file structure.txt (compact mmCIF, C-alpha atoms)
# COMPACT_ATOMS: atom_id res chain seq x y z
CA MET F 1 105.07 51.00 52.17
CA PHE F 2 102.39 48.30 52.16
CA GLU F 3 103.84 46.81 55.34
CA ASP F 4 103.41 50.17 57.07
CA ILE F 5 99.72 50.47 56.26
CA LYS F 6 98.92 46.76 56.59
CA PRO F 7 98.12 46.98 60.37
CA HIS F 8 95.77 49.88 59.67
CA LEU F 9 94.00 47.92 56.94
CA ILE F 10 93.60 44.96 59.29
CA GLU F 11 92.17 47.23 61.98
CA LEU F 12 89.85 48.87 59.45
CA ARG F 13 88.60 45.45 58.30
CA LYS F 14 87.93 44.50 61.90
CA ARG F 15 85.93 47.67 62.63
CA LEU F 16 83.98 47.37 59.40
CA GLY F 17 83.22 43.73 60.17
CA ILE F 18 81.85 44.56 63.61
CA SER F 19 79.76 47.38 62.14
CA VAL F 20 78.31 45.13 59.43
CA LEU F 21 77.49 42.42 61.97
CA SER F 22 75.74 44.96 64.20
CA VAL F 23 73.65 46.20 61.27
CA LEU F 24 72.79 42.60 60.35
CA ALA F 25 71.74 41.78 63.92
CA MET F 26 69.60 44.92 64.18
CA PHE F 27 68.14 44.16 60.74
CA ILE F 28 66.92 40.77 61.96
CA VAL F 29 65.33 42.39 65.01
CA ALA F 30 63.76 45.17 62.91
CA PHE F 31 62.33 42.66 60.44
CA SER F 32 60.14 41.35 63.25
CA PHE F 33 58.60 44.83 63.47
CA HIS F 34 58.64 45.77 59.79
CA ASN F 35 54.89 46.44 59.70
CA GLU F 36 55.17 48.95 62.55
CA ILE F 37 58.21 50.60 60.94
CA LEU F 38 56.44 50.78 57.57
CA SER F 39 53.37 52.34 59.20
CA TRP F 40 55.61 55.00 60.77
CA ILE F 41 57.34 55.66 57.45
CA THR F 42 54.12 55.97 55.43
CA GLN F 43 52.27 58.10 58.00
CA PRO F 44 53.38 61.46 56.48
CA LEU F 45 52.34 60.23 53.03
CA ASN F 46 48.93 59.04 54.21
CA ASP F 47 48.35 62.31 56.06
CA ALA F 48 49.26 64.28 52.93
CA LEU F 49 46.92 62.19 50.76
CA ALA F 50 44.06 62.58 53.23
CA GLN F 51 44.63 66.32 53.62
CA VAL F 52 44.74 66.94 49.87
CA SER F 53 41.52 64.99 49.27
CA THR F 54 39.83 66.92 52.09
CA ILE F 55 40.92 70.36 50.91
CA SER F 56 40.29 69.73 47.23
CA LYS F 57 36.81 68.36 46.62
CA HIS F 58 37.52 67.87 42.91
CA ALA F 59 40.71 65.91 43.45
CA ALA F 60 40.53 62.15 43.15
CA GLU F 61 41.46 60.19 46.24
CA GLY F 62 45.00 58.88 45.95
CA MET F 63 46.38 55.56 47.09
CA VAL F 64 49.64 53.76 47.75
CA THR F 65 50.34 50.88 45.35
CA THR F 66 53.05 48.41 44.39
CA HIS F 67 54.13 47.58 40.84
CA GLN F 68 56.05 44.40 41.58
CA VAL F 69 55.00 40.84 42.36
CA GLY F 70 57.22 40.72 45.43
CA GLY F 71 56.93 44.43 46.16
CA ALA F 72 55.63 44.03 49.70
CA PHE F 73 58.48 41.66 50.60
CA PHE F 74 61.21 43.91 49.22
CA VAL F 75 59.70 46.91 50.96
CA ALA F 76 59.78 44.96 54.22
CA LEU F 77 63.49 44.29 53.64
CA LYS F 78 64.17 47.96 52.90
CA VAL F 79 62.39 49.32 55.98
CA SER F 80 64.03 46.64 58.16
CA PHE F 81 67.45 47.66 56.88
CA PHE F 82 66.56 51.30 57.53
CA GLY F 83 65.54 50.50 61.10
CA GLY F 84 68.57 48.29 61.66
CA LEU F 85 70.95 50.96 60.41
CA LEU F 86 69.43 53.56 62.71
CA ALA F 87 69.55 51.21 65.70
CA SER F 88 73.19 50.26 65.08
CA LEU F 89 74.38 53.85 64.58
CA PRO F 90 75.93 54.17 68.10
CA ILE F 91 77.89 50.96 67.49
CA ILE F 92 79.10 52.23 64.11
CA LEU F 93 80.25 55.52 65.65
CA TYR F 94 81.99 53.60 68.42
CA GLN F 95 83.87 51.48 65.89
CA LEU F 96 84.82 54.61 63.96
CA TRP F 97 86.23 56.10 67.15
CA ARG F 98 88.16 52.92 67.96
CA PHE F 99 89.74 53.09 64.50
CA ILE F 100 90.97 56.70 64.83
CA ALA F 101 91.74 56.58 68.58
CA PRO F 102 95.33 55.18 68.26
CA GLY F 103 96.37 58.38 66.48
CA LEU F 104 95.04 60.67 69.21
CA TYR F 105 96.57 62.02 72.41
CA GLU F 106 95.41 60.71 75.77
CA ASN F 107 93.23 63.74 76.52
CA GLU F 108 91.59 63.40 73.09
CA LYS F 109 90.84 59.71 73.64
CA ASN F 110 88.65 60.69 76.59
CA MET F 111 86.13 62.20 74.15
CA LEU F 112 84.74 58.77 73.23
CA ILE F 113 81.40 59.18 75.03
CA PRO F 114 80.73 62.73 73.74
CA PHE F 115 81.52 61.57 70.20
CA VAL F 116 79.23 58.53 70.28
CA VAL F 117 76.41 60.14 72.26
CA GLY F 118 76.62 63.52 70.53
CA GLY F 119 76.89 62.02 67.06
CA SER F 120 73.96 59.65 67.62
CA LEU F 121 71.82 62.37 69.21
CA MET F 122 72.38 64.90 66.44
CA PHE F 123 71.67 62.26 63.77
CA PHE F 124 68.36 61.34 65.40
CA ILE F 125 67.45 65.02 65.81
CA GLY F 126 68.02 65.48 62.08
CA VAL F 127 65.82 62.47 61.29
CA LEU F 128 63.03 63.68 63.58
CA PHE F 129 63.24 67.22 62.21
CA SER F 130 62.90 65.84 58.70
CA TYR F 131 60.00 63.58 59.69
CA TYR F 132 57.91 66.08 61.65
CA VAL F 133 58.78 69.36 59.88
CA VAL F 134 60.02 68.79 56.33
CA THR F 135 58.11 65.81 54.98
CA PRO F 136 54.60 67.04 55.92
CA PHE F 137 55.11 70.30 53.97
CA GLY F 138 57.00 68.66 51.11
CA PHE F 139 54.64 65.73 50.53
CA GLN F 140 51.52 67.87 50.79
CA PHE F 141 52.87 70.35 48.24
CA LEU F 142 54.04 67.67 45.80
CA ILE F 143 50.84 65.63 45.99
CA ALA F 144 48.53 68.65 45.84
CA PHE F 145 50.29 69.97 42.75
CA GLY F 146 48.34 68.67 39.77
CA SER F 147 45.89 66.64 41.87
CA PHE F 148 43.00 68.28 39.96
CA LEU F 149 44.19 66.59 36.77
CA TYR F 150 45.80 63.38 37.97
CA THR F 151 45.03 60.75 40.57
CA PRO F 152 47.98 60.25 42.95
CA MET F 153 49.08 56.61 42.66
CA ILE F 154 52.19 56.43 44.84
CA ASN F 155 54.54 53.51 44.27
CA ILE F 156 55.57 52.25 47.71
CA GLU F 157 58.99 51.06 46.52
CA ASP F 158 59.87 54.51 45.16
CA TYR F 159 58.44 56.21 48.22
CA VAL F 160 60.47 54.17 50.72
CA GLY F 161 63.69 54.88 48.82
CA PHE F 162 62.82 58.56 48.59
CA PHE F 163 61.90 58.73 52.28
CA THR F 164 65.09 57.05 53.53
CA LYS F 165 67.19 59.33 51.31
CA ILE F 166 65.68 62.42 52.96
CA MET F 167 66.00 60.96 56.47
CA PHE F 168 69.66 60.04 56.10
CA GLY F 169 70.39 63.32 54.35
CA PHE F 170 69.08 65.33 57.28
CA GLY F 171 70.70 63.01 59.79
CA ILE F 172 74.13 63.42 58.24
CA ALA F 173 73.62 67.17 57.82
CA PHE F 174 72.88 67.58 61.52
CA GLU F 175 76.26 66.02 62.34
CA LEU F 176 77.96 69.26 61.28
CA PRO F 177 78.41 70.69 64.83
CA VAL F 178 79.79 67.37 66.07
CA PHE F 179 82.40 67.10 63.31
CA ALA F 180 83.29 70.79 63.69
CA TYR F 181 83.85 70.25 67.41
CA PHE F 182 86.25 67.35 66.93
CA LEU F 183 88.09 69.01 64.05
CA ALA F 184 88.62 72.00 66.32
CA LEU F 185 89.70 69.69 69.13
CA LEU F 186 92.35 68.23 66.83
CA GLY F 187 93.46 71.74 65.86
CA LEU F 188 92.48 71.33 62.20
CA VAL F 189 90.07 74.29 62.06
CA THR F 190 89.62 77.59 63.87
CA ASP F 191 86.69 79.96 64.11
CA ARG F 192 88.40 82.27 61.60
CA THR F 193 88.74 79.36 59.16
CA MET F 194 85.02 78.66 59.29
CA ILE F 195 84.09 82.34 59.07
CA ASP F 196 86.26 82.79 55.97
CA PHE F 197 84.69 79.67 54.42
CA PHE F 198 81.13 80.80 55.18
CA LYS F 199 80.36 82.24 51.72
CA TYR F 200 81.41 78.96 50.09
CA ALA F 201 79.52 76.95 52.71
CA ILE F 202 76.27 78.72 51.81
CA VAL F 203 76.62 77.65 48.18
CA ILE F 204 77.44 74.06 49.19
CA ILE F 205 74.51 73.98 51.63
CA PHE F 206 71.99 75.00 48.95
CA ILE F 207 73.46 72.52 46.46
CA VAL F 208 73.21 69.70 49.02
CA ALA F 209 69.65 70.77 49.90
CA ALA F 210 68.69 70.70 46.22
CA ILE F 211 70.09 67.17 45.85
CA LEU F 212 68.67 65.63 49.02
CA THR F 213 65.19 67.18 49.04
CA PRO F 214 62.21 67.02 46.68
CA PRO F 215 62.34 69.42 43.71
CA ASP F 216 60.45 72.28 45.33
CA VAL F 217 61.61 75.48 46.97
CA ILE F 218 59.84 74.92 50.30
CA THR F 219 61.59 71.71 51.30
CA GLN F 220 64.93 72.98 49.99
CA LEU F 221 64.65 76.02 52.24
CA LEU F 222 63.54 73.81 55.14
CA MET F 223 66.84 71.99 54.81
CA ALA F 224 69.10 74.89 53.83
CA LEU F 225 68.02 77.24 56.62
CA PRO F 226 68.66 74.78 59.51
CA LEU F 227 72.00 73.87 57.94
CA THR F 228 72.96 77.54 57.83
CA LEU F 229 72.02 77.91 61.48
CA LEU F 230 73.99 74.76 62.32
CA TYR F 231 77.00 76.23 60.53
CA GLY F 232 76.70 79.34 62.68
CA LEU F 233 76.43 77.14 65.77
CA SER F 234 79.53 75.27 64.64
CA ILE F 235 81.46 78.55 64.44
CA LEU F 236 80.53 79.30 68.07
CA ILE F 237 81.55 75.78 69.15
CA VAL F 238 84.89 76.02 67.34
CA ARG F 239 85.47 79.45 68.89
CA MET F 240 85.13 77.93 72.35
CA VAL F 241 87.33 74.93 71.55
CA ASN F 242 90.02 76.30 69.24
CA PRO F 243 89.81 80.08 68.73
CA GLU F 244 92.32 81.73 66.46
CA THR F 245 94.95 83.50 68.53
CA PRO F 246 96.02 86.95 67.31
CA LYS F 247 99.54 87.07 65.91
CA PRO F 248 102.22 89.07 67.76
CA LYS F 249 103.16 92.43 66.27
CA GLU F 250 106.49 91.14 64.99
CA GLU F 251 104.85 88.20 63.19
CA LYS F 252 102.28 90.49 61.61
CA GLU F 253 105.09 92.71 60.34
CA GLN F 254 106.94 89.72 58.91
CA SER F 255 103.80 88.27 57.34
CA ARG F 256 103.09 91.49 55.44
CA PRO F 257 104.10 91.46 51.77
CA ALA F 258 107.56 92.78 51.02
CA ASN F 259 106.26 95.58 48.80
CA ASP F 260 104.03 96.82 51.64
CA ARG F 261 107.01 96.93 54.00
CA GLU F 262 109.11 98.76 51.43
CA ARG F 263 106.28 101.23 50.86
CA THR F 264 106.06 101.90 54.60
CA LYS F 265 109.82 102.46 54.86
CA GLN F 266 109.74 104.85 51.90
CA GLN F 267 106.88 106.77 53.49
CA LEU F 268 108.84 107.13 56.74
CA LEU F 269 111.86 108.44 54.81
CA ASP F 270 109.68 110.95 52.99
CA ASP F 271 108.15 112.09 56.27
CA THR F 272 111.65 112.53 57.72
CA LYS F 273 112.82 114.60 54.76
CA ASN F 274 109.69 116.72 54.69
CA PRO F 275 108.72 117.40 58.30

call {"tool": "encode", "arguments": {"input": "structure.txt", "output": "structure tokens"}}
result
Amino acid sequence: MFEDIKPHLIELRKRLGISVLSVLAMFIVAFSFHNEILSWITQPLNDALAQVSTISKHAAEGMVTTHQVGGAFFVALKVSFFGGLLASLPIILYQLWRFIAPGLYENEKNMLIPFVVGGSLMFFIGVLFSYYVVTPFGFQFLIAFGSFLYTPMINIEDYVGFFTKIMFGFGIAFELPVFAYFLALLGLVTDRTMIDFFKYAIVIIFIVAAILTPPDVITQLLMALPLTLLYGLSILIVRMVNPETPKPKEEKEQSRPANDRERTKQQLLDDTKNP
């Protein structure tokens, strides 16, 4: 059995190695611009701090601090890794496609460019949506809450980790239509499958939103509502790619439970006896 999966493990190691090397190369490039990346990351936080101090005259002006001796250096490493991972995303998706491509048909292998471009585009749209829509509302609410009693002293290490978690959470969430498209292309899901799963998907969406967003209702809704809309969009995409075909009359009759068929036969006999 091991001999059968050994070539796949070797191929997986190769694709993972190329992906890691691409992230490392992009990390080195991003480290040269870590100040610019950090300024972009902290802009929503600085705007929220400034807006809260402007609105609330009694609130003390907050500031961003570090609690570690090498805090600035480690933050530079974190934001460089974040930038490198984003920049290498198309390469990672390409390597993922190369790994699964041998198991696909020829017509399915031609979907390389849509997979890489579509996956990268939707991930970046999710990141930008989180940056320009979710974080301004979320950070302002969280910082304003209790600002009359406490001075906001934001730890930059915690903030960077929190920020990247939200960005990647939204980026991955926005991949839903892309994955639905390719699952439908492979014949693994139909529009009826996704419609039947919708009530469970809503619960999962709100659980994921509660985990990936700050602990307030506003930002949870700002993630859950777009995900619900994306799920609806995924149903439409799957319907165009792999719609469920109605069963022939004979198959429907055979798929009915035996007791239902017997009941129907008995009803016909009764109708014959009692016209």

call {"tool": "closest_residue", "arguments": {"input": "structure.txt", "among": "F:Thr228, F:Gln51, F:Gln43, F:Asn107", "to": "Val203 of chain F", "atoms": "all atoms listed in the file"}}
result
F:Thr228

call {"tool": "atom_distance", "arguments": {"input": "structure.txt", "atom1": "atom CA of Asp158 of chain F", "atom2": "atom CA of Leu128 of chain F"}}
result
20.8 Å

call {"tool": "closest_residue", "arguments": {"input": "structure.txt", "among": "F:Glu11, F:Glu36, F:Glu3, F:Glu244", "to": "Ala184 of chain F", "atoms": "all atoms listed in the file"}}
result
F:Glu244

call {"tool": "atom_distance", "arguments": {"input": "structure.txt", "atom1": "atom CA of Ile154 of chain F", "atom2": "atom CA of Val64 of chain F"}}
result
4.7 Å

call {"tool": "closest_residue", "arguments": {"input": "structure.txt", "among": "F:Met167, F:Leu77, F:Val20, F:Leu121", "to": "Gln95 of chain F", "atoms": "all atoms listed in the file"}}
result
F:Val20

call {"tool": "residues_around", "arguments": {"input": "structure.txt", "residues": "Leu212 of chain F", "least_positions_apart": "5", "cutoff": "9 Å", "atoms": "all atoms listed in the file", "output": "list in words"}}
result
Lys165, Ile166, Gly169, Phe170, Ile207, Gln220 and Met223 of chain F

call {"tool": "residues_around", "arguments": {"input": "structure.txt", "residues": "Ile202 of chain F", "least_positions_apart": "4", "cutoff": "10 Å", "atoms": "all atoms listed in the file", "output": "PyMOL selection string"}}
result
chain F and resi 197-198+206-208+224-225+227-228+231

call {"tool": "residues_around", "arguments": {"input": "structure.txt", "residues": "Ile41 of chain F", "least_positions_apart": "5", "cutoff": "12 Å", "atoms": "all atoms listed in the file", "output": "ChimeraX atom specification"}}
result
/F:34-36,46-47,75-76,78-80,82-83,127-128,130-132,135-136,156-157,159-164,166-167

call {"tool": "closest_residue", "arguments": {"input": "structure.txt", "among": "F:Val178, F:Ile195, F:Leu112, F:Ala101", "to": "Ile237 of chain F", "atoms": "all atoms listed in the file"}}
result
F:Val178

call {"tool": "atom_distance", "arguments": {"input": "structure.txt", "atom1": "atom CA of Asn242 of chain F", "atom2": "atom CA of Ala201 of chain F"}}
result
19.6 Å

call {"tool": "closest_residue", "arguments": {"input": "structure.txt", "among": "F:Leu176, F:Leu142, F:Val189, F:Met26", "to": "Leu86 of chain F", "atoms": "all atoms listed in the file"}}
result
F:Met26

call {"tool": "closest_residue", "arguments": {"input": "structure.txt", "among": "F:Thr213, F:Thr42, F:Thr219, F:Thr193", "to": "Val238 of chain F", "atoms": "all atoms listed in the file"}}
result
F:Thr193

call {"tool": "residues_around", "arguments": {"input": "structure.txt", "residues": "Arg13 of chain F", "least_positions_apart": "6", "cutoff": "10 Å", "atoms": "only C-alpha atoms", "output": "ChimeraX atom specification"}}
result
/F:7,19,99

call {"tool": "residues_near_point", "arguments": {"input": "structure.txt", "point": "(54.2, 69.3, 50.6)", "cutoff": "10 Å", "atoms": "all atoms listed in the file", "output": "VMD selection string"}}
result
chain F and resid 44 to 45 48 52 134 to 145 214 216 218 to 219
